[in-house]
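Structure data follow from input_19.txt (compact mmCIF, C-alpha atoms and all ligand atoms):
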```txt
# COMPACT_ATOMS: atom_id res chain seq x y z
CA MET A 1 46.28 33.95 193.41
CA ALA A 2 47.27 32.61 190.05
CA GLN A 3 48.98 29.76 191.87
CA ARG A 4 45.74 28.88 193.67
CA VAL A 5 43.90 28.62 190.39
CA ALA A 6 46.58 26.30 189.04
CA VAL A 7 46.31 24.13 192.17
CA SER A 8 42.58 23.69 191.97
CA ASP A 9 42.70 22.99 188.24
CA GLY A 10 45.47 20.49 188.46
CA ALA A 11 45.49 18.90 191.88
CA ASN A 12 41.82 18.58 192.69
CA LYS A 13 40.59 17.27 189.40
CA LYS A 14 43.87 15.56 188.57
CA THR A 15 42.72 14.56 185.17
CA SER A 16 44.88 14.04 182.16
CA ARG A 17 43.14 12.62 179.16
CA VAL A 18 44.80 10.15 176.83
CA ARG A 19 45.41 11.99 173.62
CA VAL A 20 44.33 9.99 170.61
CA VAL A 21 46.12 10.82 167.41
CA VAL A 22 45.39 9.15 164.09
CA ARG A 23 48.01 9.01 161.37
CA LEU A 24 46.98 8.09 157.85
CA ARG A 25 49.93 6.98 155.76
CA PRO A 26 50.22 7.81 152.04
CA TYR A 27 48.44 5.60 149.49
CA MET A 28 50.83 2.89 148.37
CA GLY A 29 48.58 0.52 146.45
CA LYS A 30 49.45 -0.13 142.82
CA GLN A 31 47.14 1.94 140.69
CA ASP A 32 46.86 -0.90 138.14
CA GLU A 33 45.58 -3.40 140.72
CA LYS A 34 41.96 -2.37 140.56
CA ASP A 35 42.41 1.34 140.70
CA GLU A 36 40.16 1.52 143.72
CA GLY A 37 41.82 4.52 145.28
CA PRO A 38 41.70 5.23 149.00
CA CYS A 39 38.74 4.20 151.22
CA VAL A 40 39.52 6.59 154.05
CA ARG A 41 40.51 10.22 154.08
CA GLY A 42 41.16 13.05 156.48
CA LEU A 43 38.64 15.90 156.42
CA ASP A 44 40.45 18.39 158.62
CA SER A 45 42.82 18.39 161.57
CA GLN A 46 40.38 16.44 163.79
CA ASN A 47 37.95 14.58 161.57
CA LEU A 48 38.18 11.77 159.10
CA GLU A 49 35.78 9.61 157.15
CA ILE A 50 35.75 6.06 155.85
CA ILE A 51 33.43 4.63 153.24
CA ASN A 52 30.54 2.65 154.70
CA TRP A 53 30.76 -0.92 153.40
CA ARG A 54 27.03 -1.41 153.89
CA ASN A 55 26.31 1.52 151.66
CA ALA A 56 29.11 2.90 149.53
CA THR A 57 27.36 6.22 149.08
CA GLU A 58 27.76 6.87 152.79
CA THR A 59 30.77 7.47 154.96
CA VAL A 60 31.37 6.99 158.65
CA LYS A 61 32.95 9.95 160.38
CA TYR A 62 35.26 9.94 163.37
CA HIS A 63 36.50 12.72 165.57
CA PHE A 64 39.91 12.57 167.27
CA ASP A 65 42.27 14.90 169.10
CA VAL A 66 44.46 15.15 166.03
CA ILE A 67 44.34 13.68 162.54
CA HIS A 68 47.67 13.56 160.77
CA GLY A 69 47.03 13.28 157.06
CA GLU A 70 49.15 11.63 154.40
CA GLN A 71 51.52 14.56 154.04
CA THR A 72 52.35 14.83 157.73
CA THR A 73 56.06 14.88 158.53
CA GLN A 74 57.74 12.96 161.33
CA GLN A 75 58.38 16.27 163.04
CA GLU A 76 54.69 17.14 163.04
CA VAL A 77 53.77 13.76 164.52
CA PHE A 78 56.36 14.30 167.25
CA ARG A 79 54.67 17.57 168.15
CA SER A 80 51.76 15.52 169.52
CA VAL A 81 54.14 13.70 171.86
CA LYS A 82 56.47 16.47 172.96
CA PRO A 83 54.19 18.10 175.60
CA ILE A 84 54.10 14.97 177.79
CA LEU A 85 57.89 14.69 178.11
CA PRO A 86 58.57 17.41 180.75
CA HIS A 87 56.49 15.40 183.26
CA LEU A 88 59.23 12.74 183.35
CA LEU A 89 61.54 15.21 185.05
CA SER A 90 59.23 15.49 188.03
CA GLY A 91 58.57 11.84 188.74
CA GLN A 92 55.53 11.31 186.56
CA ASN A 93 55.02 8.55 184.02
CA ALA A 94 54.19 8.82 180.36
CA SER A 95 53.54 6.45 177.52
CA VAL A 96 53.27 6.61 173.78
CA PHE A 97 52.04 3.68 171.79
CA ALA A 98 51.57 3.04 168.11
CA TYR A 99 48.52 0.94 167.31
CA GLY A 100 47.13 -0.30 164.01
CA PRO A 101 47.27 -3.00 161.33
CA THR A 102 50.56 -4.39 160.05
CA GLY A 103 51.74 -2.24 157.16
CA ALA A 104 49.97 0.92 158.32
CA GLY A 105 53.10 2.69 159.56
CA LYS A 106 53.65 1.91 163.29
CA THR A 107 57.37 1.25 162.96
CA HIS A 108 57.81 4.17 160.60
CA THR A 109 56.12 6.37 163.17
CA MET A 110 58.03 5.10 166.21
CA MET A 111 61.48 4.31 164.79
CA GLY A 112 61.50 5.96 161.38
CA SER A 113 64.70 5.89 159.33
CA SER A 114 68.00 7.71 159.54
CA ASP A 115 66.81 10.49 157.26
CA GLN A 116 63.28 10.51 158.72
CA PRO A 117 63.70 9.73 162.43
CA GLY A 118 60.53 8.81 164.28
CA VAL A 119 59.07 9.42 167.73
CA ILE A 120 61.62 7.29 169.64
CA PRO A 121 64.84 9.06 168.59
CA ARG A 122 63.14 12.46 168.77
CA ALA A 123 61.77 11.82 172.26
CA VAL A 124 65.13 10.60 173.54
CA ARG A 125 66.87 13.70 172.16
CA GLU A 126 64.23 15.91 173.71
CA VAL A 127 64.55 14.28 177.15
CA PHE A 128 68.33 14.86 177.08
CA LYS A 129 67.70 18.45 176.09
CA LEU A 130 65.20 18.98 178.93
CA VAL A 131 67.56 17.45 181.48
CA LYS A 132 70.47 19.57 180.26
CA ALA A 133 68.44 22.73 180.65
CA LYS A 134 67.39 21.70 184.17
CA ASN A 135 70.89 20.71 185.24
CA GLU A 136 72.16 24.22 184.79
CA ASP A 137 70.17 25.71 187.61
CA ASP A 138 68.34 23.16 189.63
CA ARG A 139 68.40 21.67 193.07
CA TRP A 140 68.27 18.16 191.66
CA ASP A 141 70.70 15.78 189.94
CA TYR A 142 69.29 13.85 187.00
CA SER A 143 70.20 10.50 185.53
CA ILE A 144 68.73 8.76 182.50
CA GLY A 145 68.59 5.03 181.90
CA MET A 146 67.06 2.72 179.32
CA SER A 147 65.63 -0.78 179.02
CA TYR A 148 64.34 -2.39 175.87
CA LEU A 149 62.10 -5.43 175.80
CA GLU A 150 59.77 -7.39 173.60
CA ILE A 151 56.55 -9.13 174.55
CA TYR A 152 56.08 -12.11 172.31
CA ASN A 153 53.60 -14.92 172.98
CA GLU A 154 53.16 -13.51 176.50
CA LYS A 155 56.87 -13.81 177.19
CA VAL A 156 58.84 -10.78 178.32
CA LEU A 157 62.21 -10.85 176.56
CA ASP A 158 65.13 -8.53 177.18
CA LEU A 159 66.33 -7.04 173.88
CA LEU A 160 69.49 -5.58 175.47
CA SER A 161 70.48 -9.06 176.66
CA PRO A 162 68.83 -11.29 174.07
CA SER A 163 69.70 -14.71 175.45
CA SER A 164 67.64 -14.15 178.56
CA LEU A 165 64.50 -16.03 179.47
CA ASP A 166 60.93 -14.88 180.11
CA LEU A 167 61.12 -12.17 182.78
CA PRO A 168 58.57 -11.65 185.57
CA ILE A 169 56.59 -8.43 186.03
CA ARG A 170 56.21 -7.30 189.64
CA GLU A 171 54.72 -4.47 191.62
CA ASP A 172 56.51 -2.83 194.55
CA LYS A 173 54.86 -1.58 197.75
CA ASP A 174 54.29 1.82 196.13
CA LYS A 175 52.47 0.18 193.21
CA ASN A 176 55.28 0.88 190.79
CA ILE A 177 55.59 -1.79 188.12
CA LEU A 178 59.06 -3.26 187.68
CA ILE A 179 60.81 -6.13 185.95
CA PRO A 180 63.51 -7.71 188.12
CA GLY A 181 66.43 -8.91 186.01
CA LEU A 182 65.74 -6.64 183.06
CA THR A 183 68.88 -4.91 181.77
CA HIS A 184 68.84 -1.26 182.69
CA THR A 185 71.63 0.80 181.17
CA THR A 186 72.54 4.30 182.23
CA ILE A 187 72.98 6.53 179.20
CA SER A 188 74.76 9.87 179.12
CA SER A 189 73.92 11.19 175.66
CA PHE A 190 71.84 10.52 172.58
CA SER A 191 74.74 8.75 170.85
CA ASP A 192 75.13 6.58 173.92
CA PHE A 193 71.44 5.66 173.56
CA ASP A 194 71.88 4.90 169.86
CA LYS A 195 74.84 2.66 170.57
CA HIS A 196 72.58 0.37 172.61
CA PHE A 197 69.32 0.81 170.77
CA VAL A 198 70.41 0.17 167.17
CA PRO A 199 71.98 -3.29 167.67
CA ALA A 200 69.10 -4.30 169.95
CA SER A 201 66.59 -3.33 167.27
CA LEU A 202 68.58 -5.37 164.75
CA ASN A 203 68.34 -8.35 167.11
CA ARG A 204 64.62 -8.07 166.83
CA THR A 205 64.66 -7.84 163.04
CA THR A 206 66.96 -10.84 162.69
CA ALA A 207 64.67 -12.93 164.85
CA SER A 208 61.71 -11.91 162.74
CA THR A 209 63.21 -13.29 159.52
CA LYS A 210 63.72 -16.66 161.23
CA LEU A 211 60.23 -16.78 162.59
CA ASN A 212 57.84 -15.31 160.14
CA GLN A 213 55.45 -12.64 161.45
CA ARG A 214 57.21 -12.38 164.76
CA SER A 215 57.77 -8.65 164.56
CA SER A 216 54.14 -8.03 163.64
CA ARG A 217 52.96 -10.18 166.56
CA SER A 218 55.23 -8.82 169.24
CA HIS A 219 55.19 -5.59 171.17
CA ALA A 220 58.50 -3.71 171.27
CA VAL A 221 58.74 -1.65 174.44
CA LEU A 222 61.42 0.95 175.02
CA LEU A 223 61.60 2.28 178.57
CA LEU A 224 63.36 5.52 179.35
CA LYS A 225 63.72 6.24 183.05
CA VAL A 226 64.57 9.66 184.43
CA VAL A 227 65.66 9.64 188.09
CA ARG A 228 66.21 12.89 189.90
CA THR A 229 67.79 13.20 193.34
CA GLN A 230 67.82 16.26 195.53
CA ARG A 231 71.32 17.68 195.94
CA THR A 232 70.72 18.52 199.59
CA LEU A 233 69.11 16.71 202.49
CA PRO A 234 66.79 14.87 202.62
CA HIS A 235 67.94 13.77 199.12
CA ARG A 236 64.48 12.99 197.93
CA GLN A 237 64.36 10.91 194.79
CA GLN A 238 61.74 10.84 192.06
CA THR A 239 61.48 8.51 189.10
CA GLY A 240 59.65 9.27 185.87
CA LYS A 241 59.16 6.50 183.33
CA LEU A 242 58.47 6.85 179.63
CA TYR A 243 57.26 3.86 177.65
CA LEU A 244 57.56 4.07 173.87
CA ILE A 245 55.74 1.10 172.36
CA ASP A 246 55.49 -0.32 168.87
CA LEU A 247 52.48 -2.61 169.32
CA ALA A 248 51.74 -5.83 167.50
CA GLY A 249 49.59 -5.56 164.40
CA SER A 250 45.99 -4.96 165.40
CA GLU A 251 44.66 -7.42 162.83
CA ASP A 252 45.56 -10.11 165.38
CA ASN A 253 43.08 -8.61 167.72
CA ARG A 254 39.97 -10.31 166.38
CA LEU A 255 37.61 -9.34 169.09
CA THR A 256 34.30 -9.19 167.34
CA GLY A 257 33.27 -9.25 163.73
CA ASN A 258 31.24 -11.71 161.73
CA GLN A 259 33.19 -14.77 162.75
CA GLY A 260 32.92 -14.06 166.47
CA ILE A 261 35.71 -14.47 168.93
CA ARG A 262 38.19 -17.01 167.69
CA LEU A 263 40.18 -17.60 170.82
CA LYS A 264 40.68 -21.23 169.86
CA GLU A 265 42.84 -20.26 166.91
CA SER A 266 45.93 -20.50 169.00
CA GLY A 267 48.46 -17.87 168.10
CA ALA A 268 46.01 -15.93 166.00
CA ILE A 269 44.83 -13.96 168.98
CA ASN A 270 47.34 -11.73 170.65
CA LEU A 271 46.35 -11.91 174.29
CA SER A 272 48.10 -8.68 175.23
CA LEU A 273 46.43 -6.70 172.47
CA PHE A 274 43.07 -8.33 173.24
CA THR A 275 43.44 -7.35 176.90
CA LEU A 276 44.60 -3.85 176.03
CA SER A 277 41.28 -3.42 174.29
CA LYS A 278 39.40 -4.68 177.36
CA VAL A 279 41.40 -2.39 179.63
CA VAL A 280 40.58 0.55 177.41
CA ASP A 281 36.90 -0.41 177.50
CA SER A 282 36.82 -0.77 181.25
CA LEU A 283 38.68 2.51 181.85
CA ASN A 284 36.36 4.13 179.41
CA SER A 285 33.23 2.95 181.18
CA GLY A 286 34.37 4.98 184.21
CA THR A 287 32.65 2.63 186.64
CA ALA A 288 34.09 0.62 189.49
CA VAL A 289 34.49 -2.43 187.27
CA ARG A 290 37.84 -4.15 187.81
CA VAL A 291 40.30 -3.02 185.18
CA PRO A 292 41.81 -6.27 183.89
CA TYR A 293 45.43 -5.13 183.83
CA ARG A 294 46.63 -8.45 185.21
CA ASP A 295 45.18 -10.47 182.36
CA SER A 296 48.14 -9.91 180.04
CA LYS A 297 51.81 -8.97 180.15
CA LEU A 298 51.47 -5.75 178.19
CA THR A 299 48.64 -4.32 180.26
CA ARG A 300 50.34 -5.40 183.49
CA LEU A 301 53.43 -3.51 182.37
CA LEU A 302 51.36 -0.47 181.41
CA GLN A 303 49.38 -0.52 184.66
CA ASP A 304 51.14 2.55 186.06
CA SER A 305 51.24 4.24 182.66
CA LEU A 306 47.76 3.95 181.25
CA GLY A 307 44.60 5.07 182.96
CA GLY A 308 45.99 5.50 186.43
CA SER A 309 48.98 7.72 186.72
CA ALA A 310 50.36 8.69 183.39
CA HIS A 311 50.23 11.04 180.50
CA SER A 312 49.54 8.98 177.40
CA VAL A 313 49.39 9.45 173.68
CA MET A 314 48.04 6.76 171.41
CA ILE A 315 48.94 7.05 167.77
CA THR A 316 46.63 4.95 165.65
CA ASN A 317 48.21 4.23 162.31
CA ILE A 318 45.91 3.50 159.43
CA ALA A 319 46.38 2.81 155.72
CA PRO A 320 44.12 4.10 152.95
CA GLU A 321 43.99 1.04 150.64
CA TYR A 322 40.86 -1.11 150.41
CA LYS A 323 42.67 -4.27 151.42
CA TYR A 324 43.05 -2.77 154.90
CA TYR A 325 39.42 -1.73 155.06
CA PHE A 326 38.13 -3.94 157.91
CA HIS A 327 41.36 -3.62 159.88
CA THR A 328 41.10 0.14 159.53
CA PHE A 329 37.54 0.06 160.82
CA GLY A 330 38.61 -2.04 163.79
CA ALA A 331 41.53 0.27 164.56
CA LEU A 332 39.34 3.38 164.36
CA ASN A 333 36.74 1.85 166.66
CA PHE A 334 39.41 0.90 169.17
CA ALA A 335 40.85 4.40 169.01
CA SER A 336 37.56 6.21 169.35
CA LYS A 337 36.84 4.31 172.57
CA SER A 338 40.19 5.30 173.93
CA LYS A 339 39.79 8.98 173.47
CA LEU A 340 37.52 9.10 176.51
CA ILE A 341 40.02 7.59 178.93
CA VAL A 342 40.78 9.85 181.83
CA ASN A 343 44.19 9.67 183.43
CA LYS A 344 45.13 10.92 186.84
CA PRO A 345 48.70 12.16 186.98
CA PHE A 346 50.58 11.82 190.21
CA THR A 347 54.13 12.09 191.38
CA CYS A 348 56.02 8.88 192.22
CA GLU A 349 58.39 9.32 195.15
CA THR A 350 60.62 6.58 196.46
CA VAL A 351 61.99 8.35 199.56
CA ALA A 352 58.97 9.99 201.08
CA VAL A 353 60.83 11.81 203.84
CA LEU A 354 58.67 14.87 203.47
CA PRO A 355 55.12 14.82 202.22
CA VAL A 356 54.81 16.35 198.77
CA LYS A 357 53.29 19.77 199.05
CA ARG A 358 49.95 20.05 197.27
CA GLY A 359 51.08 23.35 195.84
CA ARG A 360 54.03 21.87 193.99
CA GLU A 361 52.10 18.92 192.68
CA GLY A 362 49.19 21.06 191.65
CA HIS A 363 51.38 23.56 189.98
CA GLU A 364 53.11 20.86 187.94
CA ALA A 365 49.93 19.04 187.01
CA GLY A 366 48.25 22.32 186.23
CA GLY A 367 50.95 23.22 183.76
CA SER A 368 50.62 19.97 181.84
CA GLY A 369 48.36 21.25 179.12
CA THR A 370 47.35 17.68 178.35
P1 LIG B 401 53.88 -1.36 160.50
O1 LIG B 401 55.04 -1.19 161.44
O2 LIG B 401 52.62 -0.76 161.02
O3 LIG B 401 53.70 -2.76 160.05
P2 LIG B 401 55.60 0.09 158.69
O4 LIG B 401 56.00 1.23 159.55
O5 LIG B 401 56.59 -1.01 158.54
O6 LIG B 401 54.22 -0.51 159.18
O7 LIG B 401 55.15 0.69 157.29
C1 LIG B 401 54.87 -0.12 156.15
C2 LIG B 401 55.53 0.53 154.93
O8 LIG B 401 54.94 1.80 154.68
C3 LIG B 401 57.01 0.77 155.11
O9 LIG B 401 57.65 0.55 153.88
C4 LIG B 401 57.08 2.22 155.50
O10 LIG B 401 58.31 2.81 155.14
C5 LIG B 401 55.92 2.83 154.72
N1 LIG B 401 55.32 3.98 155.42
C6 LIG B 401 54.60 3.92 156.55
N2 LIG B 401 54.16 5.13 156.92
C7 LIG B 401 54.63 5.99 156.01
C8 LIG B 401 54.55 7.41 155.84
N3 LIG B 401 53.87 8.19 156.69
N4 LIG B 401 55.16 7.97 154.78
C9 LIG B 401 55.84 7.19 153.91
N5 LIG B 401 55.97 5.87 154.01
C10 LIG B 401 55.38 5.25 155.04
MG MG B 402 56.23 -2.70 162.28
```
Can the structure from this file be put into structure tokens for me?
Ligand code: ADP
Ligand code: MG
Amino acid sequence: MAQRVAVSDGANKKTSRVRVVVRLRPYMGKQDEKDEGPCVRGLDSQNLEIINWRNATETVKYHFDVIHGEQTTQQEVFRSVKPILPHLLSGQNASVFAYGPTGAGKTHTMMGSSDQPGVIPRAVREVFKLVKAKNEDDRWDYSIGMSYLEIYNEKVLDLLSPSSLDLPIREDKDKNILIPGLTHTTISSFSDFDKHFVPASLNRTTASTKLNQRSSRSHAVLLLKVVRTQRTLPHRQQTGKLYLIDLAGSEDNRLTGNQGIRLKESGAINLSLFTLSKVVDSLNSGTAVRVPYRDSKLTRLLQDSLGGSAHSVMITNIAPEYKYYFHTFGALNFASKSKLIVNKPFTCETVAVLPVKRGREGHEAGGSGT
């Protein structure tokens, strides 16, 4: 009976909302500059306010799934991400992306430092932990692999094999998105992951000193793939993908504003970020309008991980200083549109020898809590 309830909750509605989390970093402006103080502040765990530039006696309030205030630890931020990870072990996709202006804390949130590790190292550790627990008494064998790429100027570049050229993004007959030619490395432990990830991240940093602003204009995408194979016949196989994305600075995404759309300023507009915003809008409208995934590399890559099939968390990073004011407003408006996106989780199977039983799928989706 309880099982039936779980099935109808999970399988029939099949909805999994994108969780929108806002993280406000600590004030770092020099007090002697103009001593303006912060222009945005958290009110409680779900609400924040920003001063209204039209009328400084007013504020504009926003409501989100979670507001992480200035004192939030890396561990607390990870708690917003952790619940989506178990889905990877049953062939479902998930994505986490950090959005916001340059300097607001995206890289701190995703990568962190050795003494304050961010979402990426914590998520990788957690996935290994989940797989280890499953391996002890399960009918499936698990393997974990990683890819790491950068989208810069609409080129897909392999960070694990940095000399490579722009890679194509394709879709297979089951509508799974894949990148032929992208390095995919099997990893057996967290330290194995680190061994590949750290030098690849340094590659990215080195490139950014040569070409100014590169790291703030590119999207760094880490893909963690969990493949499980049944130990007995028919050896069904399921693949769950996790994308962990440090997006380009959102100040490049000049969609609206007083100056209008400045698409002609070549390079100033980040096509992928611009399209991400359109995709979010079109998903949000909930109508039959074509979702423009194909209009940019990032959204094409995220097609099976945002809006359609995946469990997603968007962390919008914002900064409290006045110099970020308009970028903060833009980021908050982007984020508050996104919180209405509805995702439909499903299980991706490559060897569909037996149809997936509704009961199993429903039970898993029903337990998501997202
Ligand atoms: P972004 O990647 O969005 O451009 P960074 O992550 O590089 O921003 O952050 C800019 C600066 O602010 C860095 O020096 C970073 O260490 C610091 N910073 C960001 N978020 C926090 C935080 N929550 N607590 C302390 N320092 C932070
Ligand atoms: Mg950064």
Show me, as CSV, the residues of chain A having an atom within 12 Å of ligand MG 402 (chain B), each with the closest atom pair and its distance in Å, using all atoms listed in the file.
```
residue,atom,partner,partner_atom,distance
A:Ala98,CA,B:MG402,MG,9.4
A:Tyr99,CA,B:MG402,MG,9.9
A:Gly100,CA,B:MG402,MG,9.6
A:Pro101,CA,B:MG402,MG,9.0
A:Thr102,CA,B:MG402,MG,6.3
A:Gly103,CA,B:MG402,MG,6.8
A:Ala104,CA,B:MG402,MG,8.2
A:Gly105,CA,B:MG402,MG,6.8
A:Lys106,CA,B:MG402,MG,5.4
A:Thr107,CA,B:MG402,MG,4.2
A:His108,CA,B:MG402,MG,7.2
A:Thr109,CA,B:MG402,MG,9.1
A:Met110,CA,B:MG402,MG,8.9
A:Met111,CA,B:MG402,MG,9.1
A:Gly112,CA,B:MG402,MG,10.2
A:Ser201,CA,B:MG402,MG,11.5
A:Arg204,CA,B:MG402,MG,11.0
A:Thr205,CA,B:MG402,MG,9.9
A:Ser208,CA,B:MG402,MG,10.7
A:Gln213,CA,B:MG402,MG,10.0
A:Arg214,CA,B:MG402,MG,10.0
A:Ser215,CA,B:MG402,MG,6.6
A:Ser216,CA,B:MG402,MG,5.9
A:Arg217,CA,B:MG402,MG,9.2
A:Ser218,CA,B:MG402,MG,9.3
A:His219,CA,B:MG402,MG,9.4
A:Ala220,CA,B:MG402,MG,9.3
A:Ile245,CA,B:MG402,MG,10.8
A:Asp246,CA,B:MG402,MG,7.0
A:Leu247,CA,B:MG402,MG,8.0
A:Ala248,CA,B:MG402,MG,7.6
A:Gly249,CA,B:MG402,MG,7.5
A:Ser250,CA,B:MG402,MG,10.9
A:Asn317,CA,B:MG402,MG,10.6
```
Between A:Arg300, A:Arg122, A:Lys225, A:Arg139, smallest distance to Glu76 (chain A) by only C-alpha atoms belongs to A:Arg122
Separation of CA of Pro320 (chain A) from CA of Tyr27 (chain A), in Å and rounded to one decimal: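 Those two atoms sit 5.7 Å apart.
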To one decimal place in Å, what is the distance between atom N4 of ligand LIG 401 (chain B) and CA of Thr57 (chain A)?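 Spanning atom N4 of ligand LIG 401 (chain B) to CA of Thr57 (chain A) is a straight-line distance of 28.4 Å.
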Ser305 (chain A) environment, 6 Å, all atoms listed in the file, sequence neighbours closer than 5 positions dropped, as a compact mmCIF listing (two decimals) with C-alpha atoms, in the frame of the given file:
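In the end it all went to around.txt:
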```txt
# COMPACT_ATOMS: atom_id res chain seq x y z
CA ASN A 93 55.02 8.55 184.02
CA ALA A 94 54.19 8.82 180.36
CA ALA A 310 50.36 8.69 183.39
```
Which value, in Å to one decimal, gives the distance between atom O1 of ligand LIG 401 (chain B) and CA of Ile120 (chain A)? 13.5 Å
Of the candidates A:Arg23, A:Arg231, A:Arg294, A:Lys195, which shows the shortest atom-to-atom distance to Glu171 (chain A), using only C-alpha atoms? A:Arg294
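Proximity to ligand LIG 401 (chain B) was assessed for A:Ser163, A:Thr328, A:Gln237, A:Gln92 counting only C-alpha atoms and all ligand atoms; the smallest distance is recorded for A:Thr328.
Across A:Leu301, A:Val21, A:Leu233, A:Ala331, the tightest approach to Leu167 (chain A) is made by A:Leu301 when counting only C-alpha atoms.
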Pick from A:Leu298, A:Val198, A:Leu222, A:Leu24, whichever lies nearest to Thr183 (chain A) using all atoms listed in the file: A:Leu222
Rebuild all heavy atoms on region 85-91 of chain A, as a compact mmCIF listing (two decimals), in the coordinates of the input?
```txt
# COMPACT_ATOMS: atom_id res chain seq x y z
N LEU A 85 56.54 15.06 177.67
CA LEU A 85 57.89 14.69 178.11
C LEU A 85 58.37 15.44 179.36
O LEU A 85 59.04 14.83 180.21
CB LEU A 85 58.89 14.83 176.96
CG LEU A 85 58.55 13.96 175.73
CD1 LEU A 85 59.56 14.19 174.61
CD2 LEU A 85 58.50 12.49 176.10
N PRO A 86 58.09 16.73 179.54
CA PRO A 86 58.57 17.41 180.75
C PRO A 86 58.10 16.76 182.06
O PRO A 86 58.77 16.88 183.07
CB PRO A 86 58.00 18.83 180.61
CG PRO A 86 57.82 19.01 179.15
CD PRO A 86 57.43 17.66 178.63
N HIS A 87 56.98 16.04 182.05
CA HIS A 87 56.49 15.40 183.26
C HIS A 87 57.47 14.36 183.82
O HIS A 87 57.48 14.08 185.01
CB HIS A 87 55.14 14.72 183.00
CG HIS A 87 54.07 15.67 182.60
ND1 HIS A 87 53.60 16.64 183.46
CD2 HIS A 87 53.39 15.84 181.44
CE1 HIS A 87 52.67 17.35 182.85
NE2 HIS A 87 52.53 16.88 181.62
N LEU A 88 58.25 13.76 182.93
CA LEU A 88 59.23 12.74 183.35
C LEU A 88 60.23 13.30 184.34
O LEU A 88 60.76 12.59 185.17
CB LEU A 88 60.03 12.25 182.14
CG LEU A 88 59.29 11.49 181.08
CD1 LEU A 88 60.21 11.27 179.91
CD2 LEU A 88 58.85 10.18 181.68
N LEU A 89 60.52 14.58 184.21
CA LEU A 89 61.54 15.21 185.05
C LEU A 89 61.01 15.52 186.44
O LEU A 89 61.78 15.97 187.30
CB LEU A 89 62.09 16.47 184.38
CG LEU A 89 63.16 16.24 183.32
CD1 LEU A 89 62.63 15.53 182.11
CD2 LEU A 89 63.80 17.55 182.91
N SER A 90 59.75 15.28 186.68
CA SER A 90 59.23 15.49 188.03
C SER A 90 58.51 14.24 188.53
O SER A 90 57.52 14.31 189.24
CB SER A 90 58.30 16.70 188.05
OG SER A 90 57.27 16.52 187.11
N GLY A 91 59.04 13.09 188.16
CA GLY A 91 58.57 11.84 188.74
C GLY A 91 57.23 11.34 188.24
O GLY A 91 56.59 10.52 188.89
```
